[in-house]
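**Student:** Just passing along the structure, written as structure tokens.
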Protein chains: 2
Amino acid sequence: MSQPLRLGIAGLGTVGIGVVRIIRQHAAMLKARTGREIVISAVCARDPDKDRGVSLSSYAWETDATALATRDDVDVFVELIGGHEGIAKDAVEAALAAGKDVVTANKALLAIHGQALAEAAEAAGRALRYEAAVAGGIPVIKALTEGLAGNDITRVVGVMNGSCNYILTRMESAGLSYEEVFAEADGLGYLEADPQLDVGGIDAAHKLAILSSIAFGTRVDFDGIALEGIDRVSIEDIHAAADMDYKIKLLGVAQKTGRGLEQRMQPCLVPDTSPLGQLDGGTNMVLLEGDAVGQIVLRGPGAGEGPTASAVLADICDIARGLRGPVFGVPADTLTASVPASAQLPAPYYLRMSLEDKPGALARIAKVLGEAGVSIDRMRQYGHEDTSAPVLIVTHKTTPAALNEALGAMEGTGVLSGTPVALRIEDV
Amino acid sequence: MSQPLRLGIAGLGTVGIGVVRIIRQHAAMLKARTGREIVISAVCARDPDKDRGVSLSSYAWETDATALATRDDVDVFVELIGGHEGIAKDAVEAALAAGKDVVTANKALLAIHGQALAEAAEAAGRALRYEAAVAGGIPVIKALTEGLAGNDITRVVGVMNGSCNYILTRMESAGLSYEEVFAEADGLGYLEADPQLDVGGIDAAHKLAILSSIAFGTRVDFDGIALEGIDRVSIEDIHAAADMDYKIKLLGVAQKTGRGLEQRMQPCLVPDTSPLGQLDGGTNMVLLEGDAVGQIVLRGPGAGEGPTASAVLADICDIARGLRGPVFGVPADTLTASVPASAQLPAPYYLRMSLEDKPGALARIAKVLGEAGVSIDRMRQYGHEDTSAPVLIVTHKTTPAALNEALGAMEGTGVLSGTPVALRIEDV
Ligand SMILES: NC(=O)c1ccc[n+]([C@@H]2O[C@H](COP(=O)([O-])OP(=O)(O)OC[C@H]3O[C@@H](n4cnc5c(N)ncnc54)[C@H](OP(=O)(O)O)[C@@H]3O)[C@@H](O)[C@H]2O)c1
Ligand SMILES: NC(=O)c1ccc[n+]([C@@H]2O[C@H](COP(=O)([O-])OP(=O)(O)OC[C@H]3O[C@@H](n4cnc5c(N)ncnc54)[C@H](OP(=O)(O)O)[C@@H]3O)[C@@H](O)[C@H]2O)c1
């Protein structure tokens, strides 16, 4: 193939400009690697007059992304605007309808409308690729779809929101409260305009929904994710977890269980010596587990101009090379509706509570746990603070149901001061 | 495409049987993922009567791998015999000449004859794929060739021989000598029939040569690798490095320098808190660095039936999907001869020496280092053992030339007891 591959790039923000830069700087390299020239025909953003630090004068300018998406001189529509409704969705749909290949970094779009878009792309015989949508510069979509194609995937685990991981590790290193570090991160521009996308776990859950679909051959099911953000993680828990040799991470987990597909995004404890436990700052990490390969760990930058543009380019290069596999690894019309797991698999839990200064208080708690069938692996009682004493418990594997029963019964003991904190410990 | 993809598998040892198992067990899954049935037409090994734990009766049996490679009912020749001369090479050449695609796990073959084989494959318009040849189950060839296709690769670093990493970490955890752990590993069957392939760094260097070619667009140049095994790593150095917060790893490094391509495989120190520093046992790890993405770290099992077969299947699935890119990422006839770097880039070094119990001995050493332009970052002198005192020095960045000058001059000081050990500290 010697025809140039012609791109239309919609969105010239962090990622879009990163893509333009690479294509300008590495034209010869890209041609050598793909066998085709990769050129930009037209671009589009809101403000035609903004100085974007790179010359755009050789590209046609469109004010409307949908018009860009359907131009005759565009083979691949590159959607880097964002958002799961509105112009991004309209333009991607228009591009596919017009027989264009599509590359996007938009996890929200894929997580919410992935099934319909995949069906549209496959019906049109076009590619819809989104390497940049999950874990930024880490080629995780490729690893899962292609690199581990010979595996029955058993579990996917990831830290996929750098801002949350930054906040959690910064809380620990600086001994600051969640609120303090949140304000700091917000001030530094580390958080989305709507910070709930980050700290509420929504952004990471979008990514998990996508990985889960590929891993298990199920339709993307964002709503099926049990979702909890990091806002209730306290500096006390971070310190207490560290005392017990754990770190707290916002962990996405998807796994097949006998009772359906378990998908959750929640703060979990992981051993501090594990690769996930040692992941500091804004870096992302994804663990992929398969029946043949065992466990693969991928680590790298989850966001930023260069890393995200790198992933967009991987997709563009694949299309230039003629790669046009099914969007989620198998044909979209064969993806099955996921059956959400009726209950989470058993796991050890971390419990932190304050006991009132009453005789036999700890024995009461131990008894209640035992009665619910929750056995204690490790327990640590600290010196009294005023009238109450902090207690940490690490349980053996237990079902969330048994744990909840125990937590309920604890309330009735009358020895608790405040509400206990319970966090799942993930085996990674 | 609905024609089955028909395989001929030569070699039914650890990897070959692993591949057969996956294809038998996951036929439906593979078909769903690739759109084609993947079937085995014929197999071949030395001993037709060996019980291999899996039924082979439905496949034709060939006694000669070359005959297998050229059968009419074989689309893809899967070479899992091993060795860079003899039957593996002959059969791969025959397969390509007969217009077959080839998948192999044979790093020796690729590292020594990669250029000629790649030219043959590309001239024939066939695929020659080898994901399993480097870092076992980690899809690193795919990550580098496709996932990071938009990057100018700046450095590749890896721990790619699990046996060496096992030996080094076991020495540290058990406090045993190299000889003791070597004997143990050999007894457990962890080492190749010729253990020099492992502990001499040859196997890992084969892998580095392959990665280096892809990363830098150069012809595979195994002979251009500065190669040193782990046999001179002593338990004293492992303990001393740990005292200075480092681990010793057999590290492969390939990087572009202003003076050419630097390729080396040697025991190096890495910070004990880095991902490489925390890599215990037989696991492999590869760091890929690119101008856009920054650093990606891939970790996983480097050998064994399941992981290696997983990688072989990734290649088979890619071929089933029609992927047939150039063997080393760009057309083989455009790969340039690598210009070996005239000198290694400066780095900090670790030095361990014994000083005789003479007044001013340490000052003499410090003076000699200073005169050679080697400045000291950290120095630690231990209590005297009999008549000599162990000294550890971590230098600031220095050229190997300056270091060698200093080491030479040290000999002349008359205060050394024995020969100093010098190990490079890699910034990872
Ligand atoms: N930033 C990252 O690190 C990262 C990482 C992974 C994935 N992503 C995803 O990549 C996408 C882009 O992110 P970003 O960080 O590059 O966003 P950004 O910096 O906010 O850029 C968005 C771009 O879209 C343009 N735009 C907005 N509304 C438009 C409209 N109606 N028509 C045409 N153009 C419009 C904006 O134009 P103006 O410049 O004129 O305002 C801007 O150029 C998102 O889906 C995001 O989730 C980003
Ligand atoms: N094992 C790993 O974990 C691993 C990891 C990465 C890459 N690799 C590579 O994978 C390849 C295979 O390794 P392996 O561990 O599977 O080796 P293996 O267990 O020793 O098996 C080699 C197979 O080749 C057969 N064979 C030997 N000479 C032959 C000949 N002249 N004609 C036909 N068949 C012949 C043997 O037949 P018999 O069984 O009848 O003796 C045996 O089945 C090697 O290139 C190796 O470097 C291995």
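To be explicit about the labels: the chains of the structure tokens are called A, B, and onward in the order shown, and within each one the residues are counted from 1, while ligands get numbers from 1 in the order they are shown.
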So that I can see what lies close to range 119-135 of chain A, please list as JSON, numbers by chain the residues with an atom at most 8 Å from it, counting only C-alpha atoms and leaving out residues fewer than 2 positions away in the same chain.
**Tutor:** {"A": [93, 96, 97, 99, 100, 101, 102, 103, 104, 105, 106, 107, 115, 116, 117, 137, 138, 139, 140, 141, 142, 160, 161, 207, 210, 211, 284, 285, 286, 300, 301, 302, 303, 308, 309, 310, 311, 312, 314, 315, 319, 323, 324, 325, 326, 327, 331, 332, 333]}
**Student:** To check your reading of the model: which residues sit at most 8 Å from ligand 1 when counting only C-alpha atoms and all ligand atoms? Write the answer as a tab-separated table (two decimals) with all heavy atoms, in the first residue's frame.
**Tutor:**
```tsv
chain	number	residue	atom	x	y	z
A	10	ALA	N	-10.02	15.87	15.30
A	10	ALA	CA	-10.96	16.76	15.98
A	10	ALA	C	-10.58	16.85	17.45
A	10	ALA	O	-10.54	15.84	18.14
A	10	ALA	CB	-12.38	16.24	15.84
A	11	GLY	N	-10.30	18.06	17.89
A	11	GLY	CA	-9.82	18.26	19.26
A	11	GLY	C	-8.33	18.51	19.22
A	11	GLY	O	-7.56	17.66	18.79
A	12	LEU	N	-7.95	19.72	19.60
A	12	LEU	CA	-6.54	20.11	19.56
A	12	LEU	C	-6.11	20.58	20.93
A	12	LEU	O	-5.47	21.61	21.09
A	12	LEU	CB	-6.33	21.20	18.50
A	12	LEU	CG	-6.66	20.76	17.06
A	12	LEU	CD1	-6.72	21.98	16.14
A	12	LEU	CD2	-5.65	19.75	16.55
A	13	GLY	N	-6.50	19.81	21.93
A	13	GLY	CA	-6.08	20.12	23.29
A	13	GLY	C	-4.81	19.35	23.63
A	13	GLY	O	-3.95	19.15	22.77
A	14	THR	N	-4.70	18.92	24.85
A	14	THR	CA	-3.51	18.19	25.29
A	14	THR	C	-3.17	17.04	24.34
A	14	THR	O	-2.05	16.95	23.83
A	14	THR	CB	-3.75	17.62	26.71
A	14	THR	OG1	-4.14	18.70	27.57
A	14	THR	CG2	-2.49	16.97	27.26
A	15	VAL	N	-4.14	16.18	24.10
A	15	VAL	CA	-3.86	14.98	23.32
A	15	VAL	C	-3.75	15.30	21.83
A	15	VAL	O	-2.82	14.86	21.14
A	15	VAL	CB	-4.94	13.90	23.56
A	15	VAL	CG1	-4.56	12.61	22.84
A	15	VAL	CG2	-5.12	13.64	25.05
A	16	GLY	N	-4.70	16.09	21.33
A	16	GLY	CA	-4.71	16.40	19.90
A	16	GLY	C	-3.42	17.04	19.44
A	16	GLY	O	-2.84	16.65	18.41
A	17	ILE	N	-2.95	18.00	20.19
A	17	ILE	CA	-1.70	18.66	19.80
A	17	ILE	C	-0.52	17.69	19.92
A	17	ILE	O	0.40	17.71	19.10
A	17	ILE	CB	-1.49	19.95	20.64
A	17	ILE	CG1	-2.45	21.04	20.15
A	17	ILE	CG2	-0.05	20.44	20.56
A	17	ILE	CD1	-2.30	21.44	18.67
A	44	CYS	N	-9.79	20.36	13.67
A	44	CYS	CA	-10.97	21.07	14.16
A	44	CYS	C	-10.86	21.24	15.66
A	44	CYS	O	-10.39	20.35	16.37
A	44	CYS	CB	-12.19	20.23	13.76
A	44	CYS	SG	-13.62	20.37	14.79
A	45	ALA	N	-11.22	22.41	16.13
A	45	ALA	CA	-11.34	22.66	17.57
A	45	ALA	C	-12.35	23.81	17.70
A	45	ALA	O	-12.94	24.23	16.70
A	45	ALA	CB	-9.99	23.03	18.18
A	46	ARG	N	-12.56	24.28	18.91
A	46	ARG	CA	-13.54	25.35	19.06
A	46	ARG	C	-12.98	26.68	18.58
A	46	ARG	O	-13.60	27.39	17.80
A	46	ARG	CB	-13.96	25.48	20.54
A	46	ARG	CG	-15.13	24.61	20.90
A	46	ARG	CD	-15.46	24.75	22.37
A	46	ARG	NE	-14.27	24.53	23.20
A	46	ARG	CZ	-14.31	24.04	24.43
A	46	ARG	NH1	-15.47	23.74	24.99
A	46	ARG	NH2	-13.21	23.86	25.13
A	47	ASP	N	-11.79	26.98	19.03
A	47	ASP	CA	-11.25	28.32	18.82
A	47	ASP	C	-10.19	28.31	17.72
A	47	ASP	O	-9.08	27.81	17.92
A	47	ASP	CB	-10.66	28.82	20.14
A	47	ASP	CG	-10.07	30.21	20.02
A	47	ASP	OD1	-10.03	30.76	18.90
A	47	ASP	OD2	-9.65	30.75	21.07
A	48	PRO	N	-10.50	28.86	16.54
A	48	PRO	CA	-9.54	28.83	15.44
A	48	PRO	C	-8.35	29.75	15.66
A	48	PRO	O	-7.34	29.64	14.97
A	48	PRO	CB	-10.37	29.28	14.23
A	48	PRO	CG	-11.50	30.05	14.80
A	48	PRO	CD	-11.77	29.53	16.17
A	50	LYS	N	-6.72	30.32	18.66
A	50	LYS	CA	-5.85	30.01	19.79
A	50	LYS	C	-4.45	29.64	19.29
A	50	LYS	O	-4.31	28.91	18.30
A	50	LYS	CB	-6.46	28.83	20.56
A	50	LYS	CG	-6.00	28.71	22.00
A	50	LYS	CD	-6.49	27.40	22.63
A	50	LYS	CE	-7.84	27.56	23.35
A	50	LYS	NZ	-8.24	26.32	24.05
A	63	THR	N	-14.87	23.95	11.39
A	63	THR	CA	-15.44	24.39	12.66
A	63	THR	C	-16.35	23.32	13.25
A	63	THR	O	-16.62	23.33	14.44
A	63	THR	CB	-16.27	25.68	12.49
A	63	THR	OG1	-17.13	25.51	11.36
A	63	THR	CG2	-15.35	26.87	12.23
A	64	ASP	N	-16.77	22.41	12.40
A	64	ASP	CA	-17.70	21.39	12.87
A	64	ASP	C	-17.04	20.01	12.77
A	64	ASP	O	-16.61	19.58	11.70
A	64	ASP	CB	-18.97	21.44	12.02
A	64	ASP	CG	-19.93	20.32	12.39
A	64	ASP	OD1	-19.93	19.90	13.56
A	64	ASP	OD2	-20.65	19.85	11.49
A	65	ALA	N	-16.97	19.31	13.91
A	65	ALA	CA	-16.29	18.01	13.95
A	65	ALA	C	-16.96	17.00	13.03
A	65	ALA	O	-16.30	16.14	12.45
A	65	ALA	CB	-16.23	17.49	15.38
A	79	GLU	N	-10.80	11.26	17.05
A	79	GLU	CA	-11.67	12.03	17.95
A	79	GLU	C	-10.96	12.27	19.27
A	79	GLU	O	-10.76	11.35	20.06
A	79	GLU	CB	-12.98	11.27	18.16
A	79	GLU	CG	-14.02	12.03	18.97
A	79	GLU	CD	-13.80	11.95	20.48
A	79	GLU	OE1	-13.81	10.84	21.05
A	79	GLU	OE2	-13.61	13.02	21.10
A	80	LEU	N	-10.58	13.52	19.52
A	80	LEU	CA	-9.86	13.86	20.75
A	80	LEU	C	-10.50	15.07	21.43
A	80	LEU	O	-9.82	15.96	21.93
A	80	LEU	CB	-8.38	14.12	20.42
A	80	LEU	CG	-7.68	12.92	19.75
A	80	LEU	CD1	-6.31	13.30	19.23
A	80	LEU	CD2	-7.60	11.74	20.70
A	81	ILE	N	-11.84	15.06	21.39
A	81	ILE	CA	-12.60	16.14	22.03
A	81	ILE	C	-12.99	15.72	23.44
A	81	ILE	O	-12.73	16.41	24.42
A	81	ILE	CB	-13.87	16.46	21.21
A	81	ILE	CG1	-13.48	16.98	19.82
A	81	ILE	CG2	-14.74	17.46	21.95
A	81	ILE	CD1	-14.66	17.16	18.87
A	82	GLY	N	-13.62	14.57	23.55
A	82	GLY	CA	-14.02	14.06	24.86
A	82	GLY	C	-15.50	14.20	25.12
A	82	GLY	O	-16.21	14.91	24.39
A	83	GLY	N	-15.98	13.48	26.14
A	83	GLY	CA	-17.39	13.52	26.53
A	83	GLY	C	-18.17	12.40	25.86
A	83	GLY	O	-17.91	12.06	24.72
A	86	GLY	N	-23.09	14.38	22.86
A	86	GLY	CA	-22.80	15.58	22.09
A	86	GLY	C	-21.88	15.33	20.92
A	86	GLY	O	-21.91	14.27	20.29
A	87	ILE	N	-21.03	16.31	20.69
A	87	ILE	CA	-20.30	16.35	19.43
A	87	ILE	C	-19.37	15.15	19.24
A	87	ILE	O	-19.26	14.63	18.12
A	87	ILE	CB	-19.52	17.69	19.31
A	87	ILE	CG1	-18.84	17.81	17.95
A	87	ILE	CG2	-18.53	17.89	20.42
A	87	ILE	CD1	-19.81	17.94	16.81
A	88	ALA	N	-18.74	14.69	20.31
A	88	ALA	CA	-17.81	13.56	20.14
A	88	ALA	C	-18.57	12.35	19.61
A	88	ALA	O	-18.16	11.69	18.64
A	88	ALA	CB	-17.12	13.23	21.46
A	104	THR	N	-9.96	6.99	18.84
A	104	THR	CA	-10.37	7.91	19.88
A	104	THR	C	-9.63	7.61	21.18
A	104	THR	O	-9.14	6.50	21.38
A	104	THR	CB	-11.90	7.86	20.10
A	104	THR	OG1	-12.26	8.73	21.18
A	104	THR	CG2	-12.36	6.45	20.46
A	105	ALA	N	-9.58	8.63	22.05
A	105	ALA	CA	-8.99	8.45	23.38
A	105	ALA	C	-10.09	8.55	24.44
A	105	ALA	O	-9.81	8.68	25.62
A	105	ALA	CB	-7.94	9.53	23.62
A	106	ASN	N	-11.33	8.45	23.98
A	106	ASN	CA	-12.48	8.83	24.80
A	106	ASN	C	-13.07	7.63	25.54
A	106	ASN	O	-13.91	6.90	25.00
A	106	ASN	CB	-13.50	9.45	23.82
A	106	ASN	CG	-14.64	10.12	24.52
A	106	ASN	OD1	-14.98	9.79	25.64
A	106	ASN	ND2	-15.24	11.08	23.82
A	107	LYS	N	-12.62	7.45	26.78
A	107	LYS	CA	-13.09	6.28	27.55
A	107	LYS	C	-14.56	6.39	27.91
A	107	LYS	O	-15.26	5.38	27.96
A	107	LYS	CB	-12.26	6.10	28.81
A	107	LYS	CG	-12.06	7.35	29.63
A	107	LYS	CD	-10.63	7.83	29.50
A	107	LYS	CE	-10.44	9.17	30.14
A	107	LYS	NZ	-9.06	9.64	30.05
A	108	ALA	N	-15.02	7.62	28.18
A	108	ALA	CA	-16.42	7.78	28.54
A	108	ALA	C	-17.31	7.32	27.39
A	108	ALA	O	-18.27	6.57	27.58
A	108	ALA	CB	-16.70	9.25	28.88
A	109	LEU	N	-16.97	7.73	26.20
A	109	LEU	CA	-17.76	7.35	25.02
A	109	LEU	C	-17.81	5.84	24.85
A	109	LEU	O	-18.87	5.25	24.62
A	109	LEU	CB	-17.13	8.00	23.78
A	109	LEU	CG	-17.84	7.78	22.45
A	109	LEU	CD1	-19.20	8.46	22.44
A	109	LEU	CD2	-16.99	8.29	21.29
A	132	ALA	N	-5.62	4.69	23.61
A	132	ALA	CA	-5.34	5.79	24.53
A	132	ALA	C	-6.42	5.94	25.60
A	132	ALA	O	-6.20	6.63	26.60
A	132	ALA	CB	-5.20	7.10	23.76
A	133	ALA	N	-7.55	5.29	25.41
A	133	ALA	CA	-8.65	5.50	26.35
A	133	ALA	C	-8.39	4.82	27.69
A	133	ALA	O	-8.98	5.19	28.70
A	133	ALA	CB	-9.96	4.98	25.74
A	134	VAL	N	-7.54	3.82	27.71
A	134	VAL	CA	-7.29	3.07	28.94
A	134	VAL	C	-5.81	3.11	29.29
A	134	VAL	O	-4.96	2.69	28.51
A	134	VAL	CB	-7.74	1.60	28.80
A	134	VAL	CG1	-7.48	0.83	30.09
A	134	VAL	CG2	-9.21	1.52	28.41
A	135	ALA	N	-5.51	3.65	30.46
A	135	ALA	CA	-4.14	3.64	30.99
A	135	ALA	C	-3.14	4.34	30.06
A	135	ALA	O	-1.98	3.95	29.98
A	135	ALA	CB	-3.69	2.21	31.30
A	136	GLY	N	-3.61	5.40	29.41
A	136	GLY	CA	-2.72	6.30	28.66
A	136	GLY	C	-1.72	5.61	27.77
A	136	GLY	O	-2.06	4.94	26.80
A	302	GLY	N	-0.21	7.15	32.77
A	302	GLY	CA	-1.61	6.99	32.40
A	302	GLY	C	-2.21	8.21	31.73
A	302	GLY	O	-3.36	8.16	31.28
A	303	ALA	N	-1.47	9.28	31.63
A	303	ALA	CA	-2.02	10.50	31.05
A	303	ALA	C	-0.89	11.41	30.59
A	303	ALA	O	0.28	11.05	30.70
A	303	ALA	CB	-2.92	11.21	32.05
A	304	GLY	N	-1.27	12.56	30.07
A	304	GLY	CA	-0.28	13.53	29.62
A	304	GLY	C	-0.16	13.52	28.11
A	304	GLY	O	-0.50	12.53	27.45
A	305	GLU	N	0.34	14.60	27.58
A	305	GLU	CA	0.40	14.77	26.13
A	305	GLU	C	1.14	13.64	25.43
A	305	GLU	O	0.60	12.97	24.54
A	305	GLU	CB	1.07	16.11	25.77
A	305	GLU	CG	1.26	16.27	24.27
A	305	GLU	CD	1.94	17.58	23.87
A	305	GLU	OE1	1.64	18.62	24.47
A	305	GLU	OE2	2.75	17.56	22.92
A	307	PRO	N	2.47	10.54	26.41
A	307	PRO	CA	1.99	9.17	26.55
A	307	PRO	C	0.66	8.91	25.84
A	307	PRO	O	0.49	7.89	25.18
A	307	PRO	CB	1.85	9.02	28.07
A	307	PRO	CG	2.82	9.99	28.64
A	307	PRO	CD	2.81	11.16	27.70
A	308	THR	N	-0.27	9.85	25.98
A	308	THR	CA	-1.58	9.61	25.38
A	308	THR	C	-1.48	9.66	23.86
A	308	THR	O	-2.06	8.83	23.14
A	308	THR	CB	-2.61	10.62	25.92
A	308	THR	OG1	-2.47	10.70	27.33
A	308	THR	CG2	-4.01	10.19	25.58
```
**Student:** Could you give me, as a count of residues only, each residue of range 312-417 of chain A that DSSP assigns to alpha helix (DSSP H) when run on this structure's backbone?
**Tutor:** 32
**Student:** Pick out the residues sitting within 9 Å of range 212-226 of chain A, and hand them over as number ranges by chain; count only C-alpha atoms, and ignore anything fewer than 4 positions along from it in its own chain.
**Tutor:** A: 110-115, 141, 144-145, 152-156, 205-208, 253-256, 261-266, 288, 327-330, 332, 334-340
**Student:** For chain A, which of B:Ala98, B:Cys268, B:Leu287, B:Ala406 is the closest residue, counting only C-alpha atoms?
**Tutor:**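 Smallest distance to chain A is found for B:Leu287.
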**Student:** Nearest to ligand 2 among B:Val159, B:Val233, B:Leu191, B:Ala94, with distances taken over only C-alpha atoms and all ligand atoms: which residue is it?
**Tutor:** B:Leu191
**Student:** Considering only strand (DSSP E) as DSSP defines it on the backbone, what residues of range 17-235 of chain A qualify? List them as a list in words.
**Tutor:** Ile38, Val39, Ile40, Ser41, Ala42, Val43, Cys44, Ala60, Trp61, Glu62, Val76, Phe77, Val78, Glu79, Asp101, Val102, Val103, Thr104, Leu128, Arg129, Ile153, Thr154, Arg155, Val156, Val157, Gly158, Val159, Ala226 and Leu227 of chain A
**Student:** In terms of the shortest atom-to-atom distance over only C-alpha atoms, which of A:Gly252, A:Gly8, A:Gly150, A:Gly322 is closest to Met29 in chain B?
**Tutor:**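 Under the stated criterion, the closest residue is A:Gly150.
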**Student:** Can you tell me which residues surround range 372-376 of chain A at a distance of at most 8 Å, considering only C-alpha atoms, apart from same-chain residues fewer than 5 positions away, and format the answer as a list of chain:residue names?
**Tutor:**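 So, after excluding close chain neighbours, the residues are A:Ala366, A:Ile393, A:Val394, A:Thr395, A:His396, A:Lys397, A:Thr398, A:Ala402, A:Leu403, A:Glu405, A:Ala406.
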**Student:** Can you measure CA of Gly229 in chain B to CA of Gln381 in chain B for me? One decimal in Å is fine.
**Tutor:**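 Answer for the CA of Gly229 in chain B to CA of Gln381 in chain B separation: 27.9 Å.
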**Student:** Skipping near chain neighbours, those fewer than 5 positions away, what residues fall within 8 Å of Val199 in chain A using only C-alpha atoms, listed as a list in words?
**Tutor:**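 What passes the distance filter is Ser163, Cys164, Gly229, Ile230 and Asp231 of chain A.
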